[in-house]
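Next comes data_33.cif, a file with mmCIF, C-alpha atoms, pLDDT in the B column; chains and numbers go by the auth columns.
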```cif
data_coords
loop_
_atom_site.group_PDB
_atom_site.id
_atom_site.type_symbol
_atom_site.label_atom_id
_atom_site.label_comp_id
_atom_site.label_asym_id
_atom_site.label_seq_id
_atom_site.Cartn_x
_atom_site.Cartn_y
_atom_site.Cartn_z
_atom_site.B_iso_or_equiv
_atom_site.auth_seq_id
_atom_site.auth_asym_id
ATOM 1 C CA GLY A 1 49.308 -61.190 -187.707 84.00 1 H
ATOM 2 C CA GLY A 2 48.956 -58.859 -184.802 79.00 2 H
ATOM 3 C CA ASN A 3 47.043 -55.879 -183.457 83.00 3 H
ATOM 4 C CA ASP A 4 46.671 -54.145 -186.830 87.00 4 H
ATOM 5 C CA TYR A 5 43.914 -56.480 -188.138 87.00 5 H
ATOM 6 C CA THR A 6 46.199 -57.854 -190.824 90.00 6 H
ATOM 7 C CA LEU A 7 47.383 -61.346 -191.717 90.00 7 H
ATOM 8 C CA TYR A 8 50.919 -61.281 -193.146 93.00 8 H
ATOM 9 C CA GLU A 9 52.439 -63.897 -195.438 93.00 9 H
ATOM 10 C CA ILE A 10 56.215 -64.020 -195.706 94.00 10 H
ATOM 11 C CA ASP A 11 58.511 -66.467 -197.456 94.00 11 H
ATOM 12 C CA THR A 12 61.174 -68.503 -195.652 95.00 12 H
ATOM 13 C CA ASN A 13 63.706 -65.691 -196.227 96.00 13 H
ATOM 14 C CA GLY A 14 61.470 -63.153 -194.472 95.00 14 H
ATOM 15 C CA LYS A 15 60.309 -61.371 -197.644 97.00 15 H
ATOM 16 C CA LEU A 16 56.755 -60.020 -197.441 96.00 16 H
ATOM 17 C CA MET A 17 54.582 -61.878 -199.960 93.00 17 H
ATOM 18 C CA SER A 18 51.092 -60.556 -199.138 92.00 18 H
ATOM 19 C CA THR A 19 48.867 -58.893 -196.568 93.00 19 H
ATOM 20 C CA THR A 20 45.214 -59.732 -195.933 91.00 20 H
ATOM 21 C CA PRO A 21 42.849 -57.625 -193.817 91.00 21 H
ATOM 22 C CA ILE A 22 41.112 -59.700 -191.124 87.00 22 H
ATOM 23 C CA GLU A 23 38.530 -59.068 -188.408 84.00 23 H
ATOM 24 C CA GLY A 24 40.116 -58.693 -184.985 85.00 24 H
ATOM 25 C CA THR A 25 43.583 -59.053 -183.519 87.00 25 H
ATOM 26 C CA VAL A 26 45.290 -62.242 -184.720 88.00 26 H
ATOM 27 C CA ARG A 27 45.859 -64.535 -181.706 86.00 27 H
ATOM 28 C CA LYS A 28 46.400 -68.023 -183.148 90.00 28 H
ATOM 29 C CA ILE A 29 47.299 -69.430 -186.560 93.00 29 H
ATOM 30 C CA GLU A 30 47.706 -73.136 -187.301 95.00 30 H
ATOM 31 C CA ALA A 31 48.203 -74.990 -190.591 96.00 31 H
ATOM 32 C CA GLY A 32 46.860 -78.459 -191.258 97.00 32 H
ATOM 33 C CA ARG A 33 44.621 -80.713 -193.267 97.00 33 H
ATOM 34 C CA PHE A 34 41.514 -79.844 -191.254 96.00 34 H
ATOM 35 C CA LEU A 35 38.825 -79.976 -193.951 96.00 35 H
ATOM 36 C CA ASP A 36 40.320 -82.323 -196.533 95.00 36 H
ATOM 37 C CA LYS A 37 42.829 -85.157 -196.112 96.00 37 H
ATOM 38 C CA LYS A 38 44.801 -83.927 -199.136 95.00 38 H
ATOM 39 C CA LYS A 39 44.563 -80.123 -198.951 96.00 39 H
ATOM 40 C CA GLU A 40 46.035 -77.775 -196.368 96.00 40 H
ATOM 41 C CA SER A 41 44.120 -74.926 -194.822 96.00 41 H
ATOM 42 C CA LEU A 42 44.857 -72.302 -192.194 95.00 42 H
ATOM 43 C CA PHE A 43 43.039 -72.062 -188.887 95.00 43 H
ATOM 44 C CA VAL A 44 42.897 -68.457 -187.730 93.00 44 H
ATOM 45 C CA MET A 45 41.506 -67.126 -184.466 90.00 45 H
ATOM 46 C CA THR A 46 41.216 -63.425 -183.724 88.00 46 H
ATOM 47 C CA TYR A 47 40.071 -61.531 -180.653 83.00 47 H
ATOM 48 C CA SER A 48 38.069 -58.326 -180.631 77.00 48 H
ATOM 49 C CA HIS A 49 39.803 -56.835 -177.598 66.00 49 H
ATOM 50 C CA ASP A 50 39.157 -59.122 -174.673 60.00 50 H
ATOM 51 C CA LYS A 51 41.106 -62.270 -173.851 63.00 51 H
ATOM 52 C CA PHE A 52 37.881 -64.300 -173.540 63.00 52 H
ATOM 53 C CA ARG A 53 35.893 -63.065 -176.565 71.00 53 H
ATOM 54 C CA TRP A 54 36.982 -64.149 -180.013 77.00 54 H
ATOM 55 C CA GLU A 55 36.028 -62.163 -183.083 82.00 55 H
ATOM 56 C CA PHE A 56 36.748 -64.706 -185.847 86.00 56 H
ATOM 57 C CA MET A 57 37.468 -68.401 -185.648 88.00 57 H
ATOM 58 C CA GLY A 58 37.667 -70.369 -188.850 92.00 58 H
ATOM 59 C CA PHE A 59 39.576 -71.819 -191.757 95.00 59 H
ATOM 60 C CA LEU A 60 41.130 -69.944 -194.657 94.00 60 H
ATOM 61 C CA ASP A 61 42.419 -71.148 -197.999 95.00 61 H
ATOM 62 C CA PRO A 62 46.204 -70.579 -197.734 93.00 62 H
ATOM 63 C CA ASP A 63 46.424 -69.292 -201.328 92.00 63 H
ATOM 64 C CA SER A 64 43.371 -67.060 -201.773 92.00 64 H
ATOM 65 C CA LYS A 65 42.793 -66.347 -198.034 92.00 65 H
ATOM 66 C CA LYS A 66 39.063 -66.908 -198.642 94.00 66 H
ATOM 67 C CA ILE A 67 37.058 -68.200 -195.694 92.00 67 H
ATOM 68 C CA LEU A 68 36.384 -71.941 -196.048 94.00 68 H
ATOM 69 C CA GLY A 69 34.367 -72.236 -192.840 90.00 69 H
ATOM 70 C CA GLU A 70 33.918 -70.413 -189.553 88.00 70 H
ATOM 71 C CA ALA A 71 32.306 -70.811 -186.172 85.00 71 H
ATOM 72 C CA GLY A 72 29.331 -68.692 -185.246 77.00 72 H
ATOM 73 C CA LYS A 73 29.133 -67.238 -181.745 69.00 73 H
ATOM 74 C CA ASN A 74 26.630 -69.923 -180.676 72.00 74 H
ATOM 75 C CA ASP A 75 28.206 -72.895 -182.508 75.00 75 H
ATOM 76 C CA LEU A 76 30.624 -73.920 -179.754 77.00 76 H
ATOM 77 C CA SER A 77 29.995 -75.322 -176.288 73.00 77 H
ATOM 78 C CA LYS A 78 29.394 -72.872 -173.438 75.00 78 H
ATOM 79 C CA ASP A 79 32.759 -73.941 -171.968 73.00 79 H
ATOM 80 C CA TRP A 80 34.509 -72.293 -174.920 74.00 80 H
ATOM 81 C CA GLY A 81 33.205 -68.869 -173.891 70.00 81 H
ATOM 82 C CA SER A 82 35.146 -68.964 -170.624 70.00 82 H
ATOM 83 C CA LEU A 83 38.414 -70.285 -172.101 77.00 83 H
ATOM 84 C CA MET A 84 41.476 -68.048 -172.306 82.00 84 H
ATOM 85 C CA VAL A 85 43.472 -69.852 -174.997 85.00 85 H
ATOM 86 C CA THR A 86 47.191 -69.924 -174.205 87.00 86 H
ATOM 87 C CA ASP A 87 48.285 -72.757 -176.489 91.00 87 H
ATOM 88 C CA MET A 88 47.074 -74.644 -179.502 93.00 88 H
ATOM 89 C CA SER A 89 48.402 -77.619 -181.415 94.00 89 H
ATOM 90 C CA VAL A 90 47.384 -79.834 -184.316 96.00 90 H
ATOM 91 C CA ALA A 91 46.971 -83.632 -184.274 96.00 91 H
ATOM 92 C CA ASP A 92 44.654 -86.259 -185.728 97.00 92 H
ATOM 93 C CA LEU A 93 43.126 -86.986 -182.346 95.00 93 H
ATOM 94 C CA ASP A 94 40.084 -88.890 -183.660 95.00 94 H
ATOM 95 C CA GLN A 95 42.262 -90.730 -186.228 94.00 95 H
ATOM 96 C CA ASP A 96 40.022 -89.977 -189.214 96.00 96 H
ATOM 97 C CA GLY A 97 42.919 -88.888 -191.461 96.00 97 H
ATOM 98 C CA LYS A 98 42.205 -85.168 -190.979 97.00 98 H
ATOM 99 C CA ASP A 99 43.828 -82.816 -188.489 97.00 99 H
ATOM 100 C CA ASP A 100 42.081 -81.623 -185.337 97.00 100 H
ATOM 101 C CA LEU A 101 42.680 -78.513 -183.216 95.00 101 H
ATOM 102 C CA LEU A 102 43.790 -78.978 -179.632 96.00 102 H
ATOM 103 C CA THR A 103 43.210 -75.884 -177.497 92.00 103 H
ATOM 104 C CA PHE A 104 44.680 -75.362 -174.048 91.00 104 H
ATOM 105 C CA GLY A 105 43.997 -72.594 -171.588 87.00 105 H
ATOM 106 C CA SER A 106 42.203 -71.695 -168.415 84.00 106 H
ATOM 107 C CA THR A 107 38.712 -70.610 -167.473 80.00 107 H
ATOM 108 C CA LYS A 108 37.842 -67.236 -165.977 78.00 108 H
ATOM 109 C CA ALA A 109 38.059 -69.030 -162.613 79.00 109 H
ATOM 110 C CA GLY A 110 41.613 -70.158 -163.465 82.00 110 H
ATOM 111 C CA LEU A 111 40.819 -73.850 -164.026 85.00 111 H
ATOM 112 C CA ALA A 112 43.016 -75.738 -166.500 87.00 112 H
ATOM 113 C CA GLN A 113 41.032 -76.599 -169.616 88.00 113 H
ATOM 114 C CA PHE A 114 41.548 -78.608 -172.810 91.00 114 H
ATOM 115 C CA ILE A 115 39.090 -78.735 -175.721 92.00 115 H
ATOM 116 C CA ALA A 116 39.699 -80.479 -179.058 94.00 116 H
ATOM 117 C CA PHE A 117 37.751 -79.690 -182.238 92.00 117 H
ATOM 118 C CA ASN A 118 37.617 -81.385 -185.619 94.00 118 H
ATOM 119 C CA GLY A 119 37.531 -79.540 -188.963 93.00 119 H
ATOM 120 C CA GLU A 120 33.799 -78.961 -188.630 90.00 120 H
ATOM 121 C CA LEU A 121 34.556 -77.231 -185.293 89.00 121 H
ATOM 122 C CA GLU A 122 32.710 -79.991 -183.460 91.00 122 H
ATOM 123 C CA GLU A 123 34.006 -80.767 -179.981 92.00 123 H
ATOM 124 C CA ILE A 124 35.641 -84.205 -179.885 95.00 124 H
ATOM 125 C CA ALA A 125 37.397 -84.156 -176.492 95.00 125 H
ATOM 126 C CA LYS A 126 37.353 -82.011 -173.370 92.00 126 H
ATOM 127 C CA PHE A 127 38.901 -81.801 -169.908 91.00 127 H
ATOM 128 C CA ILE A 128 38.123 -79.127 -167.342 87.00 128 H
ATOM 129 C CA GLY A 129 40.230 -79.326 -164.214 85.00 129 H
ATOM 130 C CA SER A 130 38.968 -78.977 -160.701 84.00 130 H
ATOM 131 C CA HIS A 131 40.068 -76.286 -158.269 83.00 131 H
ATOM 132 C CA LYS A 132 43.141 -78.391 -157.450 79.00 132 H
ATOM 133 C CA HIS A 133 44.182 -77.803 -161.101 70.00 133 H
ATOM 134 C CA LYS A 134 43.899 -74.024 -160.771 74.00 134 H
ATOM 135 C CA GLN A 135 46.417 -72.076 -162.850 68.00 135 H
ATOM 136 C CA ARG A 136 47.894 -68.646 -162.224 66.00 136 H
ATOM 137 C CA TYR A 137 48.318 -66.297 -165.156 60.00 137 H
ATOM 138 C CA ALA A 138 46.758 -68.756 -167.624 65.00 138 H
ATOM 139 C CA HIS A 139 49.926 -70.743 -168.326 79.00 139 H
ATOM 140 C CA VAL A 140 48.433 -73.909 -169.795 85.00 140 H
ATOM 141 C CA TYR A 141 50.304 -75.593 -172.667 89.00 141 H
ATOM 142 C CA GLY A 142 49.874 -79.003 -174.242 92.00 142 H
ATOM 143 C CA GLN A 143 50.650 -81.473 -176.986 93.00 143 H
ATOM 144 C CA SER A 144 49.339 -84.733 -178.391 94.00 144 H
ATOM 145 C CA LEU A 145 51.578 -87.746 -177.710 93.00 145 H
ATOM 146 C CA GLN A 146 50.389 -89.535 -180.860 92.00 146 H
ATOM 147 C CA PRO A 147 51.498 -91.750 -182.512 90.00 147 H
ATOM 148 C CA VAL A 148 53.544 -93.075 -179.599 93.00 148 H
ATOM 149 C CA ARG A 149 50.609 -92.934 -177.146 93.00 149 H
ATOM 150 C CA ASP A 150 46.921 -92.173 -177.535 93.00 150 H
ATOM 151 C CA GLU A 151 47.148 -89.375 -174.975 94.00 151 H
ATOM 152 C CA VAL A 152 47.380 -85.635 -174.662 94.00 152 H
ATOM 153 C CA ALA A 153 49.806 -84.100 -172.171 91.00 153 H
ATOM 154 C CA PHE A 154 49.374 -80.611 -170.754 88.00 154 H
#
```
Give the structure from the file, written as structure tokens.
Amino acid sequence: GGNDYTLYEIDTNGKLMSTTPIEGTVRKIEAGRFLDKKKESLFVMTYSHDKFRWEFMGFLDPDSKKILGEAGKNDLSKDWGSLMVTDMSVADLDQDGKDDLLTFGSTKAGLAQFIAFNGELEEIAKFIGSHKHKQRYAHVYGQSLQPVRDEVAF
């Protein structure tokens, strides 16, 4: 997806399979078993126009592209509203057999920030750095170290 409010599906040879209109500019897409241990879904996050204000954040069925669940503007912690997301990854952080979303970025003040959500978009882990962790140009990236270590590096 991109700036044309469209989600594109291509096969592994690059052939266009389908297009789906979507609210906002596509910023992040992740696949995982977020809602069900046995069924994949897509996490999609779009922005309206600003790097701090998301338009849509939720899960889609990968076949029908129907919305399976989404976050309302007031459903997430206040810290989410000041997060410029620069990286996202998928891991079973809470070890419940379902995938979780790990988001990395920086606040409007430039502080490094990490927030993890489960499939219900409930916050399960968070780190907000101090001013000594200040980042320039919002270059915060991360990854779970599971299963080798029960840690997240960023």
Choose the residue, out of H:Phe104, H:Phe154, H:Phe117, H:Trp80, that has the smallest atom-to-atom separation from Leu35 of chain H; count only C-alpha atoms.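 Ranking H:Phe104, H:Phe154, H:Phe117, H:Trp80 by distance to Leu35 of chain H, first place goes to H:Phe117.
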For the interface of segment 24-84 of chain H with segment 3-18 of chain H (cut-off 8 Å, counting all atoms listed in the file), please tabulate each contacting residue of segment 24-84 of chain H alongside its nearest pair of atoms and their separation in Å to one decimal, rows sorted by chain and increasing number, as a tab-separated table.
```
residue	atom	partner	partner_atom	distance
H:Gly24	CA	H:Tyr5	CA	5.4
H:Thr25	CA	H:Asn3	CA	4.7
H:Val26	CA	H:Asn3	CA	6.7
```
Write a file of the selected residues as a PDB file, in the frame of the given file, keeping C-alpha atoms.
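Contents of result32.pdb, freshly written:
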```pdb
ATOM      1  CA  GLY H  24      40.116 -58.693-184.985  1.00 85.00           C
ATOM      2  CA  THR H  25      43.583 -59.053-183.519  1.00 87.00           C
ATOM      3  CA  VAL H  26      45.290 -62.242-184.720  1.00 88.00           C
TER       4      VAL H  26
END
```
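The closest residue to Asp75 of chain H, picked from H:Ala31, H:Ile115, H:Leu121, H:Met88 and counting all atoms listed in the file, is H:Leu121.
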Find the residues with any atom within 10 Å of (40.4, -76.6, -157.0); use all atoms listed in the file and the coordinates as given in the file, and write the answer as a PDB file with C-alpha atoms, in the frame of the given file.
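Printed below is point_1.pdb as written:
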```pdb
ATOM      1  CA  ALA H 109      38.059 -69.030-162.613  1.00 79.00           C
ATOM      2  CA  GLY H 110      41.613 -70.158-163.465  1.00 82.00           C
ATOM      3  CA  LEU H 111      40.819 -73.850-164.026  1.00 85.00           C
ATOM      4  CA  ALA H 112      43.016 -75.738-166.500  1.00 87.00           C
ATOM      5  CA  GLY H 129      40.230 -79.326-164.214  1.00 85.00           C
ATOM      6  CA  SER H 130      38.968 -78.977-160.701  1.00 84.00           C
ATOM      7  CA  HIS H 131      40.068 -76.286-158.269  1.00 83.00           C
ATOM      8  CA  LYS H 132      43.141 -78.391-157.450  1.00 79.00           C
ATOM      9  CA  HIS H 133      44.182 -77.803-161.101  1.00 70.00           C
ATOM     10  CA  LYS H 134      43.899 -74.024-160.771  1.00 74.00           C
ATOM     11  CA  GLN H 135      46.417 -72.076-162.850  1.00 68.00           C
TER      12      GLN H 135
END
```
One residue among H:Ser64, H:Ser77, H:Ser82, H:Thr46 is nearest to Lys28 of chain H when using all atoms listed in the file, and that residue is H:Thr46
All residues 8 Å or closer to Ser41 of chain H, only C-alpha atoms, same chain fewer than 6 positions away omitted, as number ranges by chain: H: 31-35, 59-62
Name the residues that the PyMOL selection byres ((chain H and resi 58) around 10) pulls out of this structure, and write them as a VMD selection string. chain H and resid 29 41 to 46 56 to 57 59 to 60 67 to 72 119 to 121
One-decimal distance in Å that lies between atom CA of Ala116 of chain H and atom CA of Leu101 of chain H: 5.5 Å
Nearest candidate to Gln95 of chain H (options H:Lys66, H:Tyr141, H:Glu23, H:Ile124; using all atoms listed in the file):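 Going through H:Lys66, H:Tyr141, H:Glu23, H:Ile124 one by one, the smallest distance to Gln95 of chain H is for H:Ile124.
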Edge lengths and centre, in Å to one decimal, as lines of an AutoDock Vina configuration file: that's what I need for the box along x, y and z that holds all listed atoms of segment 91-103 of chain H plus 5 Å on each side.
```
center_x = 43.5
center_y = -83.3
center_z = -184.5
size_x = 16.9
size_y = 24.8
size_z = 24.0
```
From the options H:Pro147, H:Lys65, H:Glu30, H:Lys38, which residue's atoms come nearest to Asp94 of chain H, counting only C-alpha atoms? H:Pro147
